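Asker: Here it is: the structure, laid out below.
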Amino acid sequence: MEGHAGGGLRDLGVGGALANPACVVLGSSLPGMGVKRSLQSGGTLLGFLANILTILSMATNYWIRYSGGHSGLWQECSGGTCSNISCQTMLAVTGACMVLAAGCSIVGLVMGLRILCQEGDSRGRTTSAIFFLCGLLQLIAMTGYTVKNAGKNDVFFSWSCFSGWLALPFSVLAGFCFLLADMIMQSTDAISGFPVCL
């Protein structure tokens with residue numbers, strides 16, 4: 001009877017661990033691994049959207065509309081003719097922050113894709129920090145530009161400005177996704193060393 005019970009346990013794939021109270025170490029088949037991969041995939045997708053919106057916002061001339069034309073960070077257009085904007089401090093700060101944010105977003109996206117394609121243990125703390133920095137730069141740029149133009153009469157914010165504002169939460173959420181994935185990986189590493197007796 002005991003041999004039959006032991007065989008039954010082996011048939012269940014336990015391999016005698018229950019019949020012989022031995023300690024089993026948790027492996028890489030923990031349920032947290034699927035959540036980690038989902039967070040990394042979501043962070044990469046959000047980083048891609050943030051990258052597209054940042055570049056689209058920075059490269060187009062529809063930040064504000066006014067009677068007779070529209071304007072962006074680099075050029076103003078009226079009557080179908082566009083000309084370069086003369087140097088202004090707030091526009092220069094906004095443009096520099098948006099260029100830096102686009103660069104950070106590209107670096108974060110590349111690092112996110114690299115983490116996503118790696119099979120081994122890869123940390124996402126640096127990637128999350130890069131996306132948070134990207135969000136901070138976007139916040140500085142968008143707040144400065146909005147405050148500068150909010151009090152002007154007959155000036156309306158247009159879709160390029162809205163694209164810049166929309167890129168901000170995507171960057172921050174991408175950073176949170178990689179940060180949470182890294183925290184899950186650290187907790188998994190911490191409990192994987194503890195033997196669990198069945």
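Naming scheme: A, B, ... for chains in displayed order of the structure tokens; residues 1 onward per chain; ligands 1 onward as shown.
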Select from segment 10-171 of chain A everything DSSP, run on the backbone, classes as strand (DSSP E or B), then give the selection as a PyMOL selection string.
Answerer: chain A and resi 23-25+64-66+69-71+75-78+81-84+155-157
Asker: Using only C-alpha atoms, which residues sit within 8 Å of Phe132 of chain A once same-chain residues fewer than 2 positions away are excluded, as a ChimeraX atom specification?
Answerer: /A:128-130,134-136,171-172,175
Asker: Need the shell around Thr60 of chain A: protein/DNA/RNA residues with any atom at most 9 Å away, counting only C-alpha atoms. Skip same-chain ones fewer than 4 positions apart. Format as a CSV table (one decimal) with N, CA and C atoms, in the first residue's frame?
Answerer:
chain,number,residue,atom,x,y,z
A,55,ILE,N,8.1,63.4,-30.5
A,55,ILE,CA,8.7,63.8,-31.8
A,55,ILE,C,7.7,64.5,-32.6
A,56,LEU,N,6.5,64.0,-32.7
A,56,LEU,CA,5.4,64.7,-33.4
A,56,LEU,C,5.1,66.1,-32.9
A,71,SER,N,1.8,78.7,-35.0
A,71,SER,CA,3.2,78.8,-34.6
A,71,SER,C,3.6,77.5,-33.8
A,72,GLY,N,4.8,77.2,-33.9
A,72,GLY,CA,5.4,76.1,-33.2
A,72,GLY,C,6.6,76.5,-32.4
A,73,LEU,N,7.5,75.5,-32.1
A,73,LEU,CA,8.7,75.9,-31.3
A,73,LEU,C,9.7,76.6,-32.2
A,74,TRP,N,9.8,76.3,-33.4
A,74,TRP,CA,10.8,76.7,-34.3
A,74,TRP,C,10.4,77.7,-35.4
A,75,GLN,N,9.1,77.6,-35.8
A,75,GLN,CA,8.7,78.4,-36.9
A,75,GLN,C,7.3,79.0,-36.6
A,160,SER,N,-0.4,70.2,-31.6
A,160,SER,CA,1.0,69.9,-31.3
A,160,SER,C,1.2,70.0,-29.8
Asker: Closest to Phe170 of chain A among A:Met183, A:Leu39, A:Leu116, A:Ala50, using only C-alpha atoms?
Answerer: A:Ala50
Asker: Using only C-alpha atoms, which residue out of A:Pro169, A:Gly108, A:Asp154, A:Phe178 lies closest to Gly69 of chain A?
Answerer: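 Ranked by minimum distance to Gly69 of chain A, first place goes to A:Asp154.
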Asker: Determine, counting only C-alpha atoms, which protein, DNA and RNA residues have an atom within 12 Å of an atom of Val99 of chain A; residues of the same chain fewer than 3 positions away are not included. Present the result as a list in words.
Answerer: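 The filter keeps Asn51, Thr54, Ile55, Leu56, Ser57, Met58, Ala59, Leu73, Trp74, Ala92, Val93, Thr94, Gly95, Ala96, Ala102, Gly103, Cys104, Ser105, Ile106, Cys134, Leu137, Gln138, Ala141 and Gly164 of chain A.
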Asker: With distances taken over only C-alpha atoms, which residue among A:Leu168, A:Val155, A:Gln88, A:Gly124 lies nearest Ile184 of chain A?
Answerer: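 Nearest candidate to Ile184 of chain A out of A:Leu168, A:Val155, A:Gln88, A:Gly124: A:Gly124.
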Asker: Mind giving me the straight-line distance from atom CA of Gln40 of chain A to atom CA of Ile115 of chain A in Å, one decimal?
Answerer: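 About the pair atom CA of Gln40 of chain A and atom CA of Ile115 of chain A: they are 7.7 Å apart.
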Asker: In Å, with one decimal, what is the gap from atom CA of Leu133 of chain A to atom CA of Asp182 of chain A?
Answerer: 17.4 Å
